[in-house]
>>> print(open('protein_8.cif').read())   # mmCIF, C-alpha atoms and all ligand atoms
data_input
#
loop_
_atom_site.label_atom_id
_atom_site.label_comp_id
_atom_site.auth_asym_id
_atom_site.auth_seq_id
_atom_site.Cartn_x
_atom_site.Cartn_y
_atom_site.Cartn_z
CA MET A 1 87.18 105.01 63.09
CA SER A 2 87.20 103.42 66.55
CA THR A 3 88.83 100.14 67.43
CA THR A 4 86.40 97.64 68.89
CA PRO A 5 87.60 94.41 70.46
CA GLU A 6 86.62 91.35 68.46
CA SER A 7 83.66 89.22 69.57
CA THR A 8 82.02 92.02 71.52
CA THR A 9 79.28 92.62 69.01
CA GLU A 10 76.65 91.73 71.61
CA LYS A 11 78.09 94.40 73.93
CA SER A 12 77.39 98.04 73.15
CA ALA A 13 80.16 100.61 73.56
CA LEU A 14 79.55 102.80 76.56
CA ILE A 15 82.65 104.92 76.08
CA GLU A 16 83.75 105.92 72.58
CA ILE A 17 87.18 107.46 72.29
CA ASP A 18 87.48 108.92 68.84
CA ASP A 19 90.83 110.15 67.43
CA LEU A 20 91.80 111.63 70.79
CA SER A 21 95.04 113.58 71.12
CA PHE A 22 95.92 115.25 74.39
CA SER A 23 98.64 117.72 75.34
CA TYR A 24 100.01 118.88 78.70
CA ASP A 25 101.79 121.88 77.12
CA ASN A 26 99.11 123.79 75.25
CA GLY A 27 99.44 121.67 72.14
CA LYS A 28 103.22 121.87 71.65
CA THR A 29 103.54 118.10 72.15
CA ASN A 30 100.89 115.41 72.35
CA THR A 31 101.05 112.94 75.23
CA LEU A 32 98.19 110.94 73.67
CA LYS A 33 98.17 110.58 69.91
CA ASN A 34 95.04 109.90 67.86
CA ILE A 35 93.62 107.28 70.19
CA SER A 36 90.44 105.54 69.02
CA LEU A 37 88.78 102.79 70.99
CA ASP A 38 85.33 101.73 72.05
CA ILE A 39 84.97 100.48 75.61
CA PRO A 40 82.11 98.01 76.06
CA ALA A 41 79.56 98.36 78.84
CA GLN A 42 79.60 96.09 81.89
CA GLU A 43 82.99 94.62 81.24
CA VAL A 44 86.47 95.22 82.57
CA THR A 45 88.86 96.93 80.19
CA ALA A 46 92.54 97.10 81.13
CA PHE A 47 95.05 99.73 79.95
CA ILE A 48 98.58 98.36 79.88
CA GLY A 49 101.93 99.65 78.63
CA PRO A 50 105.31 100.84 79.84
CA SER A 51 105.66 103.66 82.33
CA GLY A 52 104.92 107.06 80.81
CA CYS A 53 102.98 105.73 77.79
CA GLY A 54 99.89 107.71 78.82
CA LYS A 55 97.61 105.13 80.46
CA SER A 56 96.73 107.30 83.46
CA THR A 57 96.41 110.39 81.29
CA LEU A 58 93.81 108.63 79.14
CA LEU A 59 92.01 107.31 82.22
CA ARG A 60 91.86 110.84 83.64
CA CYS A 61 90.45 112.14 80.35
CA LEU A 62 87.44 109.87 80.90
CA ASN A 63 86.18 111.89 83.88
CA ARG A 64 87.89 115.16 82.95
CA MET A 65 90.28 115.04 85.89
CA ASN A 66 92.85 116.62 83.56
CA ASP A 67 90.72 119.78 83.49
CA LEU A 68 92.49 120.58 86.74
CA VAL A 69 95.93 120.59 85.06
CA ASP A 70 97.07 123.99 83.76
CA SER A 71 98.10 124.14 80.07
CA SER A 72 96.52 120.77 79.33
CA LYS A 73 94.09 120.36 76.46
CA ILE A 74 92.55 117.97 74.00
CA THR A 75 94.08 118.78 70.63
CA THR A 76 92.06 116.42 68.41
CA GLY A 77 89.05 114.17 68.66
CA GLU A 78 86.50 113.58 71.36
CA ILE A 79 85.24 111.18 74.03
CA ARG A 80 81.59 110.20 74.08
CA ILE A 81 79.85 108.48 76.95
CA LEU A 82 76.41 107.17 76.04
CA GLY A 83 76.76 109.18 72.86
CA GLN A 84 77.37 112.49 74.64
CA ASP A 85 80.61 114.42 74.02
CA ILE A 86 81.85 114.79 77.60
CA ASN A 87 83.82 117.93 76.79
CA ALA A 88 80.88 119.75 75.23
CA PRO A 89 80.32 123.17 76.85
CA LYS A 90 76.98 122.11 78.33
CA VAL A 91 78.53 119.16 80.22
CA ASP A 92 79.40 119.95 83.82
CA ALA A 93 82.53 118.08 85.00
CA ILE A 94 81.15 117.62 88.52
CA GLN A 95 77.99 116.04 87.13
CA LEU A 96 80.07 113.86 84.82
CA ARG A 97 82.10 112.57 87.78
CA LYS A 98 78.90 111.36 89.44
CA HIS A 99 78.56 108.93 86.56
CA VAL A 100 82.27 108.22 86.23
CA GLY A 101 83.76 107.38 89.63
CA MET A 102 87.42 106.90 90.34
CA VAL A 103 89.56 104.75 92.61
CA PHE A 104 93.21 105.73 92.99
CA GLN A 105 96.47 103.91 93.41
CA LYS A 106 96.92 105.01 97.00
CA TYR A 107 93.75 104.40 98.95
CA ASN A 108 92.53 107.74 100.22
CA PRO A 109 89.62 107.49 102.65
CA PHE A 110 88.63 110.74 104.31
CA PRO A 111 89.66 111.04 107.99
CA LYS A 112 86.07 110.32 108.96
CA SER A 113 84.06 107.30 110.00
CA ILE A 114 83.46 104.34 107.69
CA TYR A 115 79.79 105.36 107.47
CA ASP A 116 80.62 108.98 106.62
CA ASN A 117 83.05 107.93 103.92
CA VAL A 118 80.51 105.78 102.13
CA SER A 119 77.60 108.20 102.55
CA TYR A 120 79.67 111.27 101.62
CA GLY A 121 78.77 111.47 97.93
CA LEU A 122 75.08 111.01 98.60
CA ARG A 123 75.07 113.61 101.35
CA ILE A 124 76.77 116.23 99.20
CA ALA A 125 74.20 115.43 96.52
CA GLY A 126 71.56 116.46 99.09
CA GLU A 127 70.39 113.13 100.54
CA LYS A 128 69.38 113.64 104.18
CA ASN A 129 67.03 110.74 104.81
CA LYS A 130 68.72 108.52 107.41
CA LYS A 131 67.00 105.32 106.30
CA ARG A 132 68.01 105.83 102.66
CA LEU A 133 71.57 106.68 103.69
CA ASP A 134 71.76 103.59 105.94
CA GLU A 135 70.51 101.41 103.09
CA ALA A 136 72.97 102.89 100.62
CA VAL A 137 75.88 102.44 103.04
CA GLU A 138 74.99 98.79 103.63
CA ARG A 139 74.38 98.08 99.94
CA SER A 140 77.67 99.70 98.91
CA LEU A 141 79.70 97.97 101.61
CA ARG A 142 78.14 94.64 100.67
CA SER A 143 78.93 95.25 97.00
CA ALA A 144 82.50 96.09 98.00
CA ALA A 145 82.73 92.81 99.96
CA LEU A 146 83.42 94.74 103.15
CA TRP A 147 80.12 94.69 105.04
CA GLU A 148 80.82 91.62 107.18
CA GLU A 149 84.18 93.03 108.24
CA VAL A 150 82.94 96.48 109.27
CA LYS A 151 79.23 96.22 110.11
CA ASP A 152 79.93 96.46 113.85
CA ARG A 153 82.17 99.48 113.60
CA LEU A 154 80.56 101.72 111.03
CA HIS A 155 81.14 104.79 113.17
CA SER A 156 84.82 104.12 113.80
CA SER A 157 87.49 105.93 111.83
CA ALA A 158 88.14 104.61 108.33
CA LEU A 159 91.84 105.14 108.99
CA GLY A 160 91.75 102.25 111.48
CA LEU A 161 91.13 99.74 108.65
CA SER A 162 93.89 97.75 106.98
CA GLY A 163 95.21 98.98 103.63
CA GLY A 164 93.21 96.43 101.68
CA GLN A 165 90.07 97.29 103.63
CA GLN A 166 90.67 101.00 103.04
CA GLN A 167 90.91 100.39 99.30
CA ARG A 168 87.66 98.38 99.35
CA LEU A 169 86.13 101.24 101.35
CA CYS A 170 87.19 103.64 98.59
CA ILE A 171 85.49 101.33 96.11
CA ALA A 172 82.35 101.33 98.31
CA ARG A 173 82.50 105.14 98.40
CA ALA A 174 82.78 105.25 94.61
CA ILE A 175 79.84 102.89 94.02
CA ALA A 176 77.55 104.49 96.64
CA VAL A 177 76.54 107.20 94.17
CA GLN A 178 75.78 104.48 91.59
CA PRO A 179 78.06 105.58 88.78
CA LYS A 180 77.91 103.88 85.40
CA ILE A 181 81.67 103.71 85.11
CA ILE A 182 84.44 103.12 87.64
CA LEU A 183 87.97 104.14 86.71
CA MET A 184 90.74 102.41 88.64
CA ASP A 185 94.30 103.66 88.49
CA GLU A 186 96.55 100.82 89.66
CA PRO A 187 94.17 100.03 92.53
CA CYS A 188 96.26 97.18 93.93
CA SER A 189 99.76 98.58 93.66
CA ALA A 190 99.89 99.50 97.36
CA LEU A 191 98.36 96.20 98.53
CA ASP A 192 99.81 92.86 99.61
CA PRO A 193 98.95 89.70 97.59
CA ILE A 194 96.00 88.69 99.78
CA ALA A 195 94.41 92.15 99.71
CA THR A 196 95.13 92.28 95.97
CA ALA A 197 93.32 88.98 95.43
CA LYS A 198 90.27 90.33 97.29
CA VAL A 199 90.18 93.52 95.24
CA GLU A 200 90.61 91.55 92.01
CA GLU A 201 87.72 89.28 92.94
CA LEU A 202 85.67 92.35 93.71
CA ILE A 203 86.48 93.94 90.33
CA THR A 204 85.21 90.83 88.56
CA GLU A 205 81.99 90.88 90.60
CA LEU A 206 81.39 94.59 90.09
CA ALA A 207 81.62 94.23 86.32
CA SER A 208 78.14 92.67 86.30
CA GLU A 209 76.82 96.08 87.33
CA PHE A 210 79.42 98.66 86.36
CA THR A 211 81.76 99.33 83.46
CA ILE A 212 85.30 99.22 84.78
CA VAL A 213 88.44 100.65 83.24
CA ILE A 214 91.63 99.72 85.05
CA VAL A 215 95.23 100.85 84.60
CA THR A 216 97.62 98.16 85.69
CA HIS A 217 101.33 97.40 85.52
CA SER A 218 100.66 93.78 86.29
CA MET A 219 100.26 91.59 83.22
CA SER A 220 98.90 88.78 85.36
CA GLN A 221 96.34 91.11 86.88
CA ALA A 222 95.22 92.36 83.45
CA SER A 223 94.84 88.79 82.25
CA ARG A 224 92.97 87.72 85.39
CA VAL A 225 90.47 90.54 85.74
CA SER A 226 89.85 92.07 82.33
CA ASN A 227 87.73 91.16 79.33
CA ASN A 228 89.48 93.61 77.00
CA THR A 229 93.02 94.94 77.00
CA ALA A 230 94.44 98.03 75.35
CA PHE A 231 98.22 98.19 74.93
CA PHE A 232 99.75 101.66 74.67
CA TYR A 233 103.26 102.71 73.74
CA LEU A 234 104.60 106.28 73.67
CA GLY A 235 101.12 107.78 73.68
CA GLU A 236 99.77 105.59 70.90
CA LEU A 237 97.30 102.76 71.05
CA ILE A 238 99.17 99.79 69.61
CA GLU A 239 96.56 97.06 70.02
CA PHE A 240 93.12 96.65 71.55
CA ASP A 241 91.37 93.32 71.69
CA ARG A 242 89.82 90.68 73.90
CA THR A 243 92.22 89.99 76.76
CA GLN A 244 92.56 86.32 75.83
CA LYS A 245 93.67 87.33 72.34
CA ILE A 246 96.13 89.96 73.57
CA PHE A 247 97.77 87.52 75.97
CA GLY A 248 97.37 84.39 73.85
CA ASN A 249 97.99 85.55 70.32
CA PRO A 250 98.64 89.29 69.97
CA SER A 251 98.60 90.71 66.47
CA LYS A 252 101.48 93.14 66.93
CA LYS A 253 105.08 92.27 67.72
CA GLN A 254 105.36 95.24 70.13
CA THR A 255 102.48 93.86 72.16
CA GLU A 256 104.06 90.44 72.30
CA ASP A 257 107.43 91.89 73.33
CA TYR A 258 105.80 93.85 76.13
CA ILE A 259 103.63 91.11 77.57
CA THR A 260 106.47 88.62 77.47
CA GLY A 261 108.65 91.07 79.39
CA ARG A 262 111.10 91.86 76.59
CA PHE A 263 110.75 95.58 77.28
CA GLY A 264 109.00 98.00 79.60
N1 LIG A 301 100.13 116.66 85.32
C1 LIG A 301 101.04 116.49 84.36
N2 LIG A 301 101.68 117.54 83.82
C2 LIG A 301 102.59 117.39 82.83
N3 LIG A 301 102.94 116.18 82.32
C3 LIG A 301 102.35 115.10 82.83
C4 LIG A 301 101.37 115.18 83.87
N4 LIG A 301 100.93 113.94 84.17
C5 LIG A 301 101.63 113.11 83.36
N5 LIG A 301 102.46 113.80 82.57
C6 LIG A 301 103.38 113.23 81.55
O1 LIG A 301 102.59 112.54 80.58
C7 LIG A 301 103.23 111.34 80.18
C8 LIG A 301 102.30 110.17 80.42
O2 LIG A 301 102.10 110.03 81.83
P1 LIG A 301 101.05 109.01 82.45
O3 LIG A 301 101.08 109.17 83.92
O4 LIG A 301 99.76 109.16 81.74
O5 LIG A 301 101.71 107.63 82.00
P2 LIG A 301 101.42 106.17 82.52
O6 LIG A 301 101.48 105.28 81.33
O7 LIG A 301 100.18 106.12 83.34
O8 LIG A 301 102.69 105.94 83.43
P3 LIG A 301 102.89 105.08 84.77
O9 LIG A 301 102.65 103.67 84.35
O10 LIG A 301 104.32 105.35 85.13
O11 LIG A 301 101.91 105.58 85.78
C9 LIG A 301 104.54 111.25 80.98
O12 LIG A 301 105.58 111.73 80.16
C10 LIG A 301 104.30 112.18 82.15
O13 LIG A 301 105.49 112.75 82.60
#
>>> encode(input="protein_8.cif", output="structure tokens", more="lines below")
Ligand SMILES: Nc1ncnc2c1ncn2[C@@H]1O[C@H](COP(=O)(O)OP(=O)(O)OP(=O)(O)O)[C@@H](O)[C@H]1O
Amino acid sequence: MSTTPESTTEKSALIEIDDLSFSYDNGKTNTLKNISLDIPAQEVTAFIGPSGCGKSTLLRCLNRMNDLVDSSKITTGEIRILGQDINAPKVDAIQLRKHVGMVFQKYNPFPKSIYDNVSYGLRIAGEKNKKRLDEAVERSLRSAALWEEVKDRLHSSALGLSGGQQQRLCIARAIAVQPKIILMDEPCSALDPIATAKVEELITELASEFTIVIVTHSMSQASRVSNNTAFFYLGELIEFDRTQKIFGNPSKKQTEDYITGRFG
């Protein structure tokens, strides 16, 4: 049975993780152990927990990035997105990743122009119409709160942007293909406080359109940006609830110890 955060009954689960166990060594040991949780649509859900507890592994299961890791496999359970088992043989991982975009810890724009970075996903999907590409680039950069800063230098190298701008560009690149879900793996860890604040503001805005799952080491960031928080420890889901509840009145002592800095 999946764990649903309280008071989300009006929100439907977009991602259902059902009894998921995952191994990096062909099933000898499980890095994730019987995880069940339902992630609501159009909200921000944060994964927190001490280093090595499996947050990034679970995030990467959501768009099958772990398929690329030799000897890794799901040993129990399944993940459904919009009711579809994403590991079913008929599901193509490349297609899945069009719906489930990802933003990484270290911003990683391509060594190309700002325009080419944002239009990349659409172009490889076959879009050639210049007007449609121009519109998509502008819309995505506006959504990523970057348009005003770059509109006069769209054809300059993306590598000439500041770190915070490069991360927002990566977010623009992810949203250009209009995914349903955006996965963010510690998206602010390489940014200074001002750039972090901008990205956090952006995450909150994007949640009106996208479902966002974010891994973060920052308790204050999880409490600022997320609606739901899942706390993991040693590959197990310890507690999943509305963020206010997790940070205000957690049900489990382990959760309380972690968020108050007593371990981790
Ligand atoms: N590609 C991999 N191959 C083998 N083991 C891996 C791989 N990636 C992660 N692991 C192991 O899986 C466990 C969970 O790692 P994961 O990166 O998911 O944790 P995390 O909670 O995100 O940690 P952190 O907060 O430090 O990023 C760790 O023991 C890690 O060493």
>>> residues_near_ligand(input="protein_8.cif", ligand="ligand LIG 301 (chain A)", cutoff="7 Å", atoms="only C-alpha atoms and all ligand atoms", output="mmCIF file with C-alpha atoms, keeping the file's coordinate frame")
data_model
loop_
_atom_site.group_PDB
_atom_site.id
_atom_site.type_symbol
_atom_site.label_atom_id
_atom_site.label_comp_id
_atom_site.auth_asym_id
_atom_site.auth_seq_id
_atom_site.Cartn_x
_atom_site.Cartn_y
_atom_site.Cartn_z
ATOM 1 C CA TYR A 24 100.010 118.880 78.700
ATOM 2 C CA THR A 31 101.050 112.940 75.230
ATOM 3 C CA GLY A 49 101.930 99.650 78.630
ATOM 4 C CA PRO A 50 105.310 100.840 79.840
ATOM 5 C CA SER A 51 105.660 103.660 82.330
ATOM 6 C CA GLY A 52 104.920 107.060 80.810
ATOM 7 C CA CYS A 53 102.980 105.730 77.790
ATOM 8 C CA GLY A 54 99.890 107.710 78.820
ATOM 9 C CA LYS A 55 97.610 105.130 80.460
ATOM 10 C CA SER A 56 96.730 107.300 83.460
ATOM 11 C CA THR A 57 96.410 110.390 81.290
ATOM 12 C CA LEU A 58 93.810 108.630 79.140
ATOM 13 C CA VAL A 69 95.930 120.590 85.060
ATOM 14 C CA HIS A 217 101.330 97.400 85.520
#
>>> closest_residue(input="protein_8.cif", among="A:Pro193, A:Pro111, A:Gly235, A:Pro250", to="Ser23 (chain A)", atoms="only C-alpha atoms")
A:Gly235
>>> atom_distance(input="protein_8.cif", atom1="CA of Thr243 (chain A)", atom2="CA of Thr45 (chain A)")
8.4 Å
>>> closest_residue(input="protein_8.cif", among="A:Val118, A:Ile94, A:Leu14, A:Val215", to="Met184 (chain A)", atoms="only C-alpha atoms")
A:Val215
>>> atom_distance(input="protein_8.cif", atom1="CA of Thr196 (chain A)", atom2="CA of Ala222 (chain A)")
12.5 Å
>>> atom_distance(input="protein_8.cif", atom1="CA of Ser189 (chain A)", atom2="CA of Pro40 (chain A)")
24.9 Å
>>> residues_around(input="protein_8.cif", residues="region 153-163 of chain A", least_positions_apart="3", cutoff="7 Å", atoms="only C-alpha atoms", output="MDAnalysis selection string")
chainID A and resid 109 111:115 150 166:167 191
>>> decode(input="protein_8.cif", residues="region 172-203 of chain A", atoms="C-alpha atoms", output="PDB file, in the first residue's frame")
ATOM      1  CA  ALA A 172      14.688  26.109 -19.485  1.00  0.00           C
ATOM      2  CA  ARG A 173      16.165  23.287 -21.571  1.00  0.00           C
ATOM      3  CA  ALA A 174      14.301  20.719 -19.467  1.00  0.00           C
ATOM      4  CA  ILE A 175      10.940  22.502 -19.727  1.00  0.00           C
ATOM      5  CA  ALA A 176      11.217  23.285 -23.465  1.00  0.00           C
ATOM      6  CA  VAL A 177      10.011  19.784 -24.338  1.00  0.00           C
ATOM      7  CA  GLN A 178       7.065  20.274 -21.952  1.00  0.00           C
ATOM      8  CA  PRO A 179       7.605  17.330 -19.633  1.00  0.00           C
ATOM      9  CA  LYS A 180       5.023  16.455 -17.006  1.00  0.00           C
ATOM     10  CA  ILE A 181       7.643  15.898 -14.337  1.00  0.00           C
ATOM     11  CA  ILE A 182      10.944  17.608 -13.559  1.00  0.00           C
ATOM     12  CA  LEU A 183      13.442  15.778 -11.377  1.00  0.00           C
ATOM     13  CA  MET A 184      16.015  17.963  -9.642  1.00  0.00           C
ATOM     14  CA  ASP A 185      19.050  16.460  -7.975  1.00  0.00           C
ATOM     15  CA  GLU A 186      20.425  19.060  -5.555  1.00  0.00           C
ATOM     16  CA  PRO A 187      19.949  21.812  -8.147  1.00  0.00           C
ATOM     17  CA  CYS A 188      21.320  24.588  -5.941  1.00  0.00           C
ATOM     18  CA  SER A 189      24.298  22.906  -4.339  1.00  0.00           C
ATOM     19  CA  ALA A 190      26.781  24.583  -6.708  1.00  0.00           C
ATOM     20  CA  LEU A 191      25.137  28.020  -6.459  1.00  0.00           C
ATOM     21  CA  ASP A 192      25.674  31.041  -4.220  1.00  0.00           C
ATOM     22  CA  PRO A 193      22.816  32.229  -1.943  1.00  0.00           C
ATOM     23  CA  ILE A 194      21.456  34.792  -4.416  1.00  0.00           C
ATOM     24  CA  ALA A 195      21.409  32.347  -7.334  1.00  0.00           C
ATOM     25  CA  THR A 196      19.915  29.742  -4.989  1.00  0.00           C
ATOM     26  CA  ALA A 197      17.110  32.116  -4.019  1.00  0.00           C
ATOM     27  CA  LYS A 198      16.299  32.702  -7.709  1.00  0.00           C
ATOM     28  CA  VAL A 199      16.193  28.989  -8.483  1.00  0.00           C
ATOM     29  CA  GLU A 200      14.037  28.334  -5.408  1.00  0.00           C
ATOM     30  CA  GLU A 201      11.595  31.028  -6.479  1.00  0.00           C
ATOM     31  CA  LEU A 202      11.528  29.473  -9.920  1.00  0.00           C
ATOM     32  CA  ILE A 203      10.812  25.993  -8.522  1.00  0.00           C
TER      33      ILE A 203
END
